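See below for the structure under consideration.
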Amino acid sequence: MRWMKRVRRRIRIKLFPYVALGAINSHFAMESMMASSIWYFGPANAHALAAYSEQDVDNTSTISSNDYFGIPIRRSTSIAWHNSIMTTQMETAETDDPIDTTLTKATPWKPQIKYHYVFFQLYFHVAAIYGVYLALTSAKWQTNLFGYAMIWINSFGIYAGAHRLFSHRSYKATRALQIFLMLCHSTAYQRNLFLWVLEHRLHHKYSDTDGDPHNPSRGLFFSHIGWLCCKKHPEVVKRTKNIDMSDMYSNPVIMFQKKHQQWLLPTLAFILPTLIPMVFWVESLTNSWHINAARYIMSMNTVFLINSVSHKWGYKPYDKNIRPTESKIISMITFGEGFHNYHHIFPNDYRDAEFGNSLLNVTTYFIDFCAFLGLAYDLKIVPKDLVKSRMTRTGNGSEMELLDKTVY
Ligand SMILES: [Zn+2]
Ligand SMILES: [Zn+2]
């Protein structure tokens, strides 16, 4: 029977490129399916529903049952979707924290390497490669599916939680949704939310200069992962005090995660995702651990692509004078976060993109769905004419036609 196992393993290895391609296609199909089903059934289908809602507007926040699958939802939320009241049109494109352009791009600097972190990352990258091999050769299908589901969970924690909600306050969330997103974020093991937000706000305020923690002017590797492998640049440390973190200090969810990170993060990111396959479908420890390592490394690197690739290659419809770019491929991989030229100009737009209803922007659909359930509200969007005037003034001329066709 052992020879049979060996033959089966060989076949699976030979099939690797097809399986990998199939997995990527299934991922995009899954993203599109989820986005389109939410669009069809959910609140984002605002334009189609607008017709019957006009006289039916109710701005009160009373709870009443609605005939969406018989689920009781906030009436104001559901009706609001019909005519986009739920979203707040921002009057100016100004961000909470204006950009500081006084710093230089990249002064000569000798970074101090954090060797323990380098070894940590090296170990997990090798473990991740082994994890992919195990996923294709000996793991149970349930383990692979679970790893894939974990990518979705930690991605919503990072993109909808750490980024759009906590860093940019581009929408508001009920306490329940905040806790859910904090737990999802913990599974990504990207340190605590407080630090994540602080560094991201620094990145926006001092973008592409010495005050930017992952300063892209220092090269692709530094902006991708190199910045985490060395001690902070003195300018980053110095500028930290300029960032307003009062909302983070006053948020008990953020402070809870910060206080309990020593056990909370490893438990949710590594211990539980390893134990669940072992307990529920008797997966081996080796398979379970390494496939979760692959999940961790894959999702971490996709997030980092926004700091590196999205500041190097792509087109610039909104401001051709800054580094951040737009890329549809990056958007597909990062659940809709690749419209980075737009994002750096209008960081408080909850859609993180000009074409909020694009099928690539799964995170927007997730927030829309949360709004439909009454868990998210006050979703900020930048008015189309404001976007257009900025495009005319500083853009490179691309995408203008597409913007005209886009229904807001
Ligand atoms: Zn950026
Ligand atoms: Zn941002």
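Within each chain, counting starts at residue 1; across the structure tokens, chains are named A, B, ... in the order shown, with ligands numbered 1 upward in that order.
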Closest-contact table, chain A side, partner ligand 2, 10 Å, counting only C-alpha atoms and all ligand atoms, as a tab-separated table:
residue	atom	partner	partner_atom_place_in_ligand_line	distance
A:Tyr159	CA	ligand 2	1 (Zn)	9.3
A:Ala162	CA	ligand 2	1 (Zn)	9.4
A:His163	CA	ligand 2	1 (Zn)	6.0
A:Arg164	CA	ligand 2	1 (Zn)	7.1
A:Ser167	CA	ligand 2	1 (Zn)	6.9
A:His168	CA	ligand 2	1 (Zn)	6.6
A:Val197	CA	ligand 2	1 (Zn)	9.2
A:His200	CA	ligand 2	1 (Zn)	6.4
A:Arg201	CA	ligand 2	1 (Zn)	7.4
A:Leu202	CA	ligand 2	1 (Zn)	9.9
A:His203	CA	ligand 2	1 (Zn)	7.9
A:His204	CA	ligand 2	1 (Zn)	6.6
A:Ile306	CA	ligand 2	1 (Zn)	9.7
A:Asn307	CA	ligand 2	1 (Zn)	9.9
A:Glu337	CA	ligand 2	1 (Zn)	9.0
A:His340	CA	ligand 2	1 (Zn)	8.3
A:His343	CA	ligand 2	1 (Zn)	6.5
A:His344	CA	ligand 2	1 (Zn)	6.8
A:Ile345	CA	ligand 2	1 (Zn)	9.9
A:Phe346	CA	ligand 2	1 (Zn)	9.2
A:Pro347	CA	ligand 2	1 (Zn)	5.8
A:Asn348	CA	ligand 2	1 (Zn)	8.3
A:Asp349	CA	ligand 2	1 (Zn)	9.9
A:Asp352	CA	ligand 2	1 (Zn)	8.1
Write out, as a compact mmCIF listing (two decimals), in the first residue's frame, the residues just selected, with N, CA and C atoms.
# COMPACT_ATOMS: atom_id res chain seq x y z
N TYR A 159 -7.91 44.75 6.46
CA TYR A 159 -8.37 45.77 5.51
C TYR A 159 -9.59 46.54 6.01
N ALA A 162 -8.23 47.18 10.76
CA ALA A 162 -7.05 48.00 11.04
C ALA A 162 -6.95 49.20 10.10
N HIS A 163 -7.21 48.96 8.81
CA HIS A 163 -7.00 50.04 7.84
C HIS A 163 -8.18 51.02 7.75
N ARG A 164 -9.29 50.53 7.21
CA ARG A 164 -10.36 51.48 6.89
C ARG A 164 -11.11 52.00 8.12
N SER A 167 -7.58 53.02 11.37
CA SER A 167 -6.58 54.01 10.95
C SER A 167 -7.21 55.26 10.36
N HIS A 168 -8.23 55.06 9.49
CA HIS A 168 -8.76 56.21 8.75
C HIS A 168 -10.13 56.68 9.21
N VAL A 197 -2.02 51.07 13.61
CA VAL A 197 -2.65 52.35 13.28
C VAL A 197 -1.63 53.48 13.33
N HIS A 200 0.60 53.32 10.38
CA HIS A 200 -0.11 53.65 9.14
C HIS A 200 -0.39 55.15 9.04
N ARG A 201 -0.71 55.74 10.16
CA ARG A 201 -0.94 57.20 10.13
C ARG A 201 0.36 57.94 9.82
N LEU A 202 1.46 57.42 10.34
CA LEU A 202 2.78 58.01 10.00
C LEU A 202 3.04 57.88 8.50
N HIS A 203 2.69 56.69 7.98
CA HIS A 203 2.90 56.43 6.55
C HIS A 203 2.16 57.45 5.69
N HIS A 204 0.94 57.80 6.08
CA HIS A 204 0.18 58.77 5.29
C HIS A 204 0.69 60.19 5.49
N ILE A 306 1.18 46.24 -0.75
CA ILE A 306 0.62 47.59 -0.87
C ILE A 306 1.68 48.63 -0.49
N ASN A 307 2.52 48.31 0.48
CA ASN A 307 3.57 49.23 0.89
C ASN A 307 4.72 49.27 -0.12
N GLU A 337 -7.59 46.69 -2.13
CA GLU A 337 -6.78 47.77 -1.55
C GLU A 337 -5.74 48.32 -2.52
N HIS A 340 -4.29 52.62 -4.84
CA HIS A 340 -3.50 53.31 -3.83
C HIS A 340 -3.24 54.77 -4.15
N HIS A 343 -6.26 56.30 -2.84
CA HIS A 343 -6.29 56.22 -1.38
C HIS A 343 -5.40 57.27 -0.71
N HIS A 344 -4.23 57.54 -1.30
CA HIS A 344 -3.36 58.54 -0.67
C HIS A 344 -3.89 59.96 -0.85
N ILE A 345 -4.74 60.16 -1.86
CA ILE A 345 -5.34 61.49 -2.05
C ILE A 345 -6.60 61.63 -1.21
N PHE A 346 -7.40 60.56 -1.17
CA PHE A 346 -8.66 60.59 -0.41
C PHE A 346 -8.68 59.45 0.62
N PRO A 347 -7.85 59.52 1.66
CA PRO A 347 -7.75 58.37 2.58
C PRO A 347 -8.98 58.11 3.43
N ASN A 348 -9.89 59.08 3.52
CA ASN A 348 -11.05 58.88 4.38
C ASN A 348 -12.27 58.32 3.66
N ASP A 349 -12.11 57.94 2.41
CA ASP A 349 -13.20 57.32 1.67
C ASP A 349 -13.27 55.84 2.07
N ASP A 352 -12.06 53.05 -0.28
CA ASP A 352 -10.64 52.94 -0.57
C ASP A 352 -10.37 52.92 -2.08
What lies within 10 Å of segment 236-239 of chain A using only C-alpha atoms, ignoring chain neighbours under 2 positions off, as a PDB file with C-alpha atoms, in the first residue's frame?
ATOM      1  CA  GLU A 199       2.556  53.346  11.799  1.00  0.00           C
ATOM      2  CA  LEU A 202       2.777  58.013  10.002  1.00  0.00           C
ATOM      3  CA  HIS A 203       2.905  56.428   6.550  1.00  0.00           C
ATOM      4  CA  LYS A 205       1.415  61.920   6.988  1.00  0.00           C
ATOM      5  CA  TYR A 206       5.078  61.517   6.015  1.00  0.00           C
ATOM      6  CA  THR A 209      10.070  60.309   3.357  1.00  0.00           C
ATOM      7  CA  ASP A 210      12.240  59.488   6.380  1.00  0.00           C
ATOM      8  CA  GLY A 211       9.213  59.904   8.661  1.00  0.00           C
ATOM      9  CA  ASP A 212       7.424  57.046   6.859  1.00  0.00           C
ATOM     10  CA  PRO A 213       8.097  53.752   8.753  1.00  0.00           C
ATOM     11  CA  HIS A 214       8.243  51.784   5.470  1.00  0.00           C
ATOM     12  CA  ASN A 215       9.671  54.588   3.370  1.00  0.00           C
ATOM     13  CA  LYS A 231      15.139  49.533  14.334  1.00  0.00           C
ATOM     14  CA  LYS A 232      13.052  52.575  13.429  1.00  0.00           C
ATOM     15  CA  HIS A 233      14.632  55.529  11.663  1.00  0.00           C
ATOM     16  CA  PRO A 234      15.168  58.414  14.170  1.00  0.00           C
ATOM     17  CA  LYS A 241       4.495  62.435  18.889  1.00  0.00           C
ATOM     18  CA  ASN A 242       2.856  64.389  16.038  1.00  0.00           C
ATOM     19  CA  ILE A 243       0.285  61.672  15.455  1.00  0.00           C
TER      20      ILE A 243
END
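When only C-alpha atoms and all ligand atoms are used to compute distances to ligand 1, the closest of the residues A:Gln262, A:Ser217, A:Thr286, A:Thr392 turns out to be A:Ser217.
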### Query
Looking at A:Pro111, A:Gly314, A:Pro277, A:Gly338, which one is nearest to ligand 1, with distances taken over only C-alpha atoms and all ligand atoms?
A:Gly338
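For Ile129 of chain A, the list of residues within 10 Å, based on only C-alpha atoms and with local chain neighbours fewer than 3 positions off taken out, reads Phe124, His125, Val126, Val132, Tyr133, Leu134, Ala135, His290, Ile291, Ala293, Ala294, Ile297 and Met298 of chain A.
Here atom CA of Gly131 of chain A is placed at a distance of 16.3 Å from atom CA of Ile276 of chain A.
From atom CA of Ile333 of chain A back to atom CA of Ser299 of chain A, the distance works out to 9.3 Å.
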### Task
Could you give me, as a PyMOL selection string, the residues within 12 Å of Val303 of chain A, counting only C-alpha atoms and dropping anything in the same chain fewer than 6 positions from it?
chain A and resi 151+154-159+162-163+188-190+223-225+296-297+309-310+330-338
Prev. selection, N, CA and C atoms, output as a PDB file, in the first residue's frame:
ATOM      1  N   ILE A 151      -7.534  32.983   5.611  1.00  0.00           N
ATOM      2  CA  ILE A 151      -7.025  34.132   4.833  1.00  0.00           C
ATOM      3  C   ILE A 151      -8.113  35.208   4.743  1.00  0.00           C
ATOM      4  N   ASN A 154      -8.500  36.859   8.361  1.00  0.00           N
ATOM      5  CA  ASN A 154      -7.465  37.828   8.745  1.00  0.00           C
ATOM      6  C   ASN A 154      -7.430  39.030   7.783  1.00  0.00           C
ATOM      7  N   SER A 155      -7.856  38.813   6.537  1.00  0.00           N
ATOM      8  CA  SER A 155      -7.876  39.932   5.591  1.00  0.00           C
ATOM      9  C   SER A 155      -8.925  40.970   5.990  1.00  0.00           C
ATOM     10  N   PHE A 156     -10.096  40.524   6.398  1.00  0.00           N
ATOM     11  CA  PHE A 156     -11.107  41.487   6.840  1.00  0.00           C
ATOM     12  C   PHE A 156     -10.623  42.225   8.088  1.00  0.00           C
ATOM     13  N   GLY A 157      -9.908  41.516   8.949  1.00  0.00           N
ATOM     14  CA  GLY A 157      -9.350  42.154  10.147  1.00  0.00           C
ATOM     15  C   GLY A 157      -8.380  43.272   9.798  1.00  0.00           C
ATOM     16  N   ILE A 158      -7.558  43.021   8.766  1.00  0.00           N
ATOM     17  CA  ILE A 158      -6.561  44.024   8.366  1.00  0.00           C
ATOM     18  C   ILE A 158      -7.203  45.141   7.540  1.00  0.00           C
ATOM     19  N   TYR A 159      -7.910  44.748   6.459  1.00  0.00           N
ATOM     20  CA  TYR A 159      -8.369  45.765   5.510  1.00  0.00           C
ATOM     21  C   TYR A 159      -9.591  46.540   6.015  1.00  0.00           C
ATOM     22  N   ALA A 162      -8.232  47.177  10.758  1.00  0.00           N
ATOM     23  CA  ALA A 162      -7.052  48.005  11.041  1.00  0.00           C
ATOM     24  C   ALA A 162      -6.950  49.203  10.101  1.00  0.00           C
ATOM     25  N   HIS A 163      -7.207  48.964   8.810  1.00  0.00           N
ATOM     26  CA  HIS A 163      -7.000  50.039   7.843  1.00  0.00           C
ATOM     27  C   HIS A 163      -8.177  51.015   7.750  1.00  0.00           C
ATOM     28  N   ALA A 188      -4.085  37.661  12.119  1.00  0.00           N
ATOM     29  CA  ALA A 188      -3.081  37.987  11.090  1.00  0.00           C
ATOM     30  C   ALA A 188      -1.674  38.088  11.681  1.00  0.00           C
ATOM     31  N   TYR A 189      -1.576  38.206  12.992  1.00  0.00           N
ATOM     32  CA  TYR A 189      -0.304  38.353  13.704  1.00  0.00           C
ATOM     33  C   TYR A 189       0.555  39.465  13.101  1.00  0.00           C
ATOM     34  N   GLN A 190      -0.043  40.639  12.984  1.00  0.00           N
ATOM     35  CA  GLN A 190       0.737  41.809  12.516  1.00  0.00           C
ATOM     36  C   GLN A 190       0.828  42.801  13.670  1.00  0.00           C
ATOM     37  N   SER A 223      10.676  48.706   1.847  1.00  0.00           N
ATOM     38  CA  SER A 223       9.259  49.049   2.044  1.00  0.00           C
ATOM     39  C   SER A 223       8.391  47.808   2.195  1.00  0.00           C
ATOM     40  N   HIS A 224       8.882  46.668   1.698  1.00  0.00           N
ATOM     41  CA  HIS A 224       8.079  45.444   1.797  1.00  0.00           C
ATOM     42  C   HIS A 224       8.195  44.837   3.194  1.00  0.00           C
ATOM     43  N   ILE A 225       9.412  44.407   3.547  1.00  0.00           N
ATOM     44  CA  ILE A 225       9.568  43.753   4.856  1.00  0.00           C
ATOM     45  C   ILE A 225      10.817  44.229   5.599  1.00  0.00           C
ATOM     46  N   TYR A 296      -0.301  32.337   7.114  1.00  0.00           N
ATOM     47  CA  TYR A 296       0.204  33.557   7.751  1.00  0.00           C
ATOM     48  C   TYR A 296       1.137  34.319   6.819  1.00  0.00           C
ATOM     49  N   ILE A 297       2.074  33.604   6.224  1.00  0.00           N
ATOM     50  CA  ILE A 297       3.072  34.254   5.366  1.00  0.00           C
ATOM     51  C   ILE A 297       2.438  34.801   4.083  1.00  0.00           C
ATOM     52  N   VAL A 309       4.995  47.300  -3.765  1.00  0.00           N
ATOM     53  CA  VAL A 309       4.647  47.356  -5.195  1.00  0.00           C
ATOM     54  C   VAL A 309       3.712  48.530  -5.501  1.00  0.00           C
ATOM     55  N   SER A 310       2.738  48.779  -4.616  1.00  0.00           N
ATOM     56  CA  SER A 310       1.778  49.869  -4.871  1.00  0.00           C
ATOM     57  C   SER A 310       2.401  51.250  -4.712  1.00  0.00           C
ATOM     58  N   ILE A 330      -3.011  44.064  -7.878  1.00  0.00           N
ATOM     59  CA  ILE A 330      -2.841  44.206  -6.423  1.00  0.00           C
ATOM     60  C   ILE A 330      -4.215  44.281  -5.745  1.00  0.00           C
ATOM     61  N   SER A 331      -5.169  44.926  -6.404  1.00  0.00           N
ATOM     62  CA  SER A 331      -6.506  45.007  -5.831  1.00  0.00           C
ATOM     63  C   SER A 331      -7.147  43.637  -5.690  1.00  0.00           C
ATOM     64  N   MET A 332      -6.944  42.795  -6.692  1.00  0.00           N
ATOM     65  CA  MET A 332      -7.510  41.444  -6.640  1.00  0.00           C
ATOM     66  C   MET A 332      -6.915  40.659  -5.488  1.00  0.00           C
ATOM     67  N   ILE A 333      -5.598  40.786  -5.327  1.00  0.00           N
ATOM     68  CA  ILE A 333      -4.918  40.007  -4.288  1.00  0.00           C
ATOM     69  C   ILE A 333      -5.253  40.537  -2.900  1.00  0.00           C
ATOM     70  N   THR A 334      -5.456  41.851  -2.803  1.00  0.00           N
ATOM     71  CA  THR A 334      -5.606  42.458  -1.475  1.00  0.00           C
ATOM     72  C   THR A 334      -7.047  42.846  -1.147  1.00  0.00           C
ATOM     73  N   PHE A 335      -8.001  42.153  -1.712  1.00  0.00           N
ATOM     74  CA  PHE A 335      -9.415  42.368  -1.399  1.00  0.00           C
ATOM     75  C   PHE A 335      -9.845  43.812  -1.648  1.00  0.00           C
ATOM     76  N   GLY A 336      -9.212  44.456  -2.647  1.00  0.00           N
ATOM     77  CA  GLY A 336      -9.664  45.797  -3.048  1.00  0.00           C
ATOM     78  C   GLY A 336      -8.844  46.950  -2.525  1.00  0.00           C
ATOM     79  N   GLU A 337      -7.587  46.694  -2.129  1.00  0.00           N
ATOM     80  CA  GLU A 337      -6.785  47.771  -1.546  1.00  0.00           C
ATOM     81  C   GLU A 337      -5.737  48.324  -2.520  1.00  0.00           C
ATOM     82  N   GLY A 338      -5.862  47.950  -3.785  1.00  0.00           N
ATOM     83  CA  GLY A 338      -4.802  48.347  -4.722  1.00  0.00           C
ATOM     84  C   GLY A 338      -5.035  49.670  -5.435  1.00  0.00           C
TER      85      GLY A 338
END
Residue neighbourhood Gly226 of chain A, 10 Å, only C-alpha atoms, exclusion window fewer than 4 positions, as a PDB file with C-alpha atoms, in the first residue's frame:
ATOM      1  CA  PRO A 111      19.967  50.637   9.978  1.00  0.00           C
ATOM      2  CA  ILE A 113      19.234  44.953  12.255  1.00  0.00           C
ATOM      3  CA  VAL A 118      14.994  38.246  10.844  1.00  0.00           C
ATOM      4  CA  HIS A 214       8.243  51.784   5.470  1.00  0.00           C
ATOM      5  CA  ARG A 218      14.619  53.290   0.426  1.00  0.00           C
ATOM      6  CA  GLY A 219      13.777  50.624  -2.124  1.00  0.00           C
ATOM      7  CA  LEU A 220      11.360  47.795  -2.720  1.00  0.00           C
ATOM      8  CA  PHE A 221      12.758  45.376  -0.122  1.00  0.00           C
ATOM      9  CA  PHE A 222      12.847  47.967   2.647  1.00  0.00           C
ATOM     10  CA  CYS A 230      15.574  46.907  11.677  1.00  0.00           C
TER      11      CYS A 230
END
### Query
What is the distance, in Å and to one decimal place, between atom CA of Trp227 of chain A and atom CA of Ile153 of chain A?
25.4 Å
### Message
Report as a PyMOL selection string all protein, DNA and RNA residues lying within 10 Å of Gly397 of chain A, evaluated on only C-alpha atoms, omitting residues in the same chain fewer than 4 positions from it.
### Response
chain A and resi 315-320+391-393+401
Would you save the residues of that selection, restricted to C-alpha atoms, as a short mmCIF file (atom, residue, chain, number, x, y, z; two decimals), in the first residue's frame?
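Final output, part.cif:
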data_model
loop_
_atom_site.label_atom_id
_atom_site.label_comp_id
_atom_site.auth_asym_id
_atom_site.auth_seq_id
_atom_site.Cartn_x
_atom_site.Cartn_y
_atom_site.Cartn_z
CA TYR A 315 -0.82 54.22 -13.05
CA LYS A 316 -1.66 57.52 -11.37
CA PRO A 317 -5.06 58.95 -12.33
CA TYR A 318 -5.34 61.27 -9.31
CA ASP A 319 -1.88 62.66 -8.69
CA LYS A 320 1.05 61.92 -10.94
CA MET A 391 -8.05 64.31 -11.45
CA THR A 392 -8.14 67.22 -13.86
CA ARG A 393 -5.69 69.22 -11.78
CA GLU A 401 -13.80 58.24 -18.89
#
### Query
Nearest to ligand 1 among A:Arg323, A:Arg295, A:Lys380, A:Arg390, with distances taken over only C-alpha atoms and all ligand atoms: which residue is it?
A:Arg323
## Note on the structure
Of A:Cys370, A:Met278, A:Ile254, A:Ile322, the one nearest to ligand 1 when counting only C-alpha atoms and all ligand atoms is A:Ile322
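Minimum distance to ligand 1 across A:Gln178, A:Gln112, A:Asn341, A:Asn144 (counting only C-alpha atoms and all ligand atoms) occurs at A:Asn341.
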### Task
Fewer than 3 positions away in the same chain doesn't count, so skip those; otherwise give me all residues within 10 Å of Ile367 of chain A, counting only C-alpha atoms, as a ChimeraX atom specification.
/A:44,156,160-161,164-165,171,173,350-351,362-364,370-373,375-377,379
Requested write-out: C-alpha atoms of the selected residues, as a compact mmCIF listing (two decimals), in the first residue's frame:
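part.txt written:
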# COMPACT_ATOMS: atom_id res chain seq x y z
CA ALA A 44 -24.98 47.99 -2.18
CA PHE A 156 -11.11 41.49 6.84
CA ALA A 160 -11.82 46.50 6.93
CA GLY A 161 -10.61 46.76 10.54
CA ARG A 164 -10.36 51.48 6.89
CA LEU A 165 -12.01 51.59 10.31
CA TYR A 171 -16.83 54.56 8.70
CA ALA A 173 -18.75 50.49 13.67
CA TYR A 350 -14.50 54.03 3.12
CA ARG A 351 -14.38 52.34 -0.31
CA VAL A 362 -14.45 42.76 -1.66
CA THR A 363 -13.66 44.73 1.51
CA THR A 364 -16.13 47.44 0.44
CA CYS A 370 -22.11 45.14 7.83
CA ALA A 371 -24.03 48.36 7.20
CA PHE A 372 -26.95 46.30 5.93
CA LEU A 373 -26.92 44.41 9.22
CA LEU A 375 -23.22 47.04 12.38
CA ALA A 376 -21.50 49.76 10.33
CA TYR A 377 -22.73 53.29 9.68
CA LEU A 379 -19.72 55.46 5.64
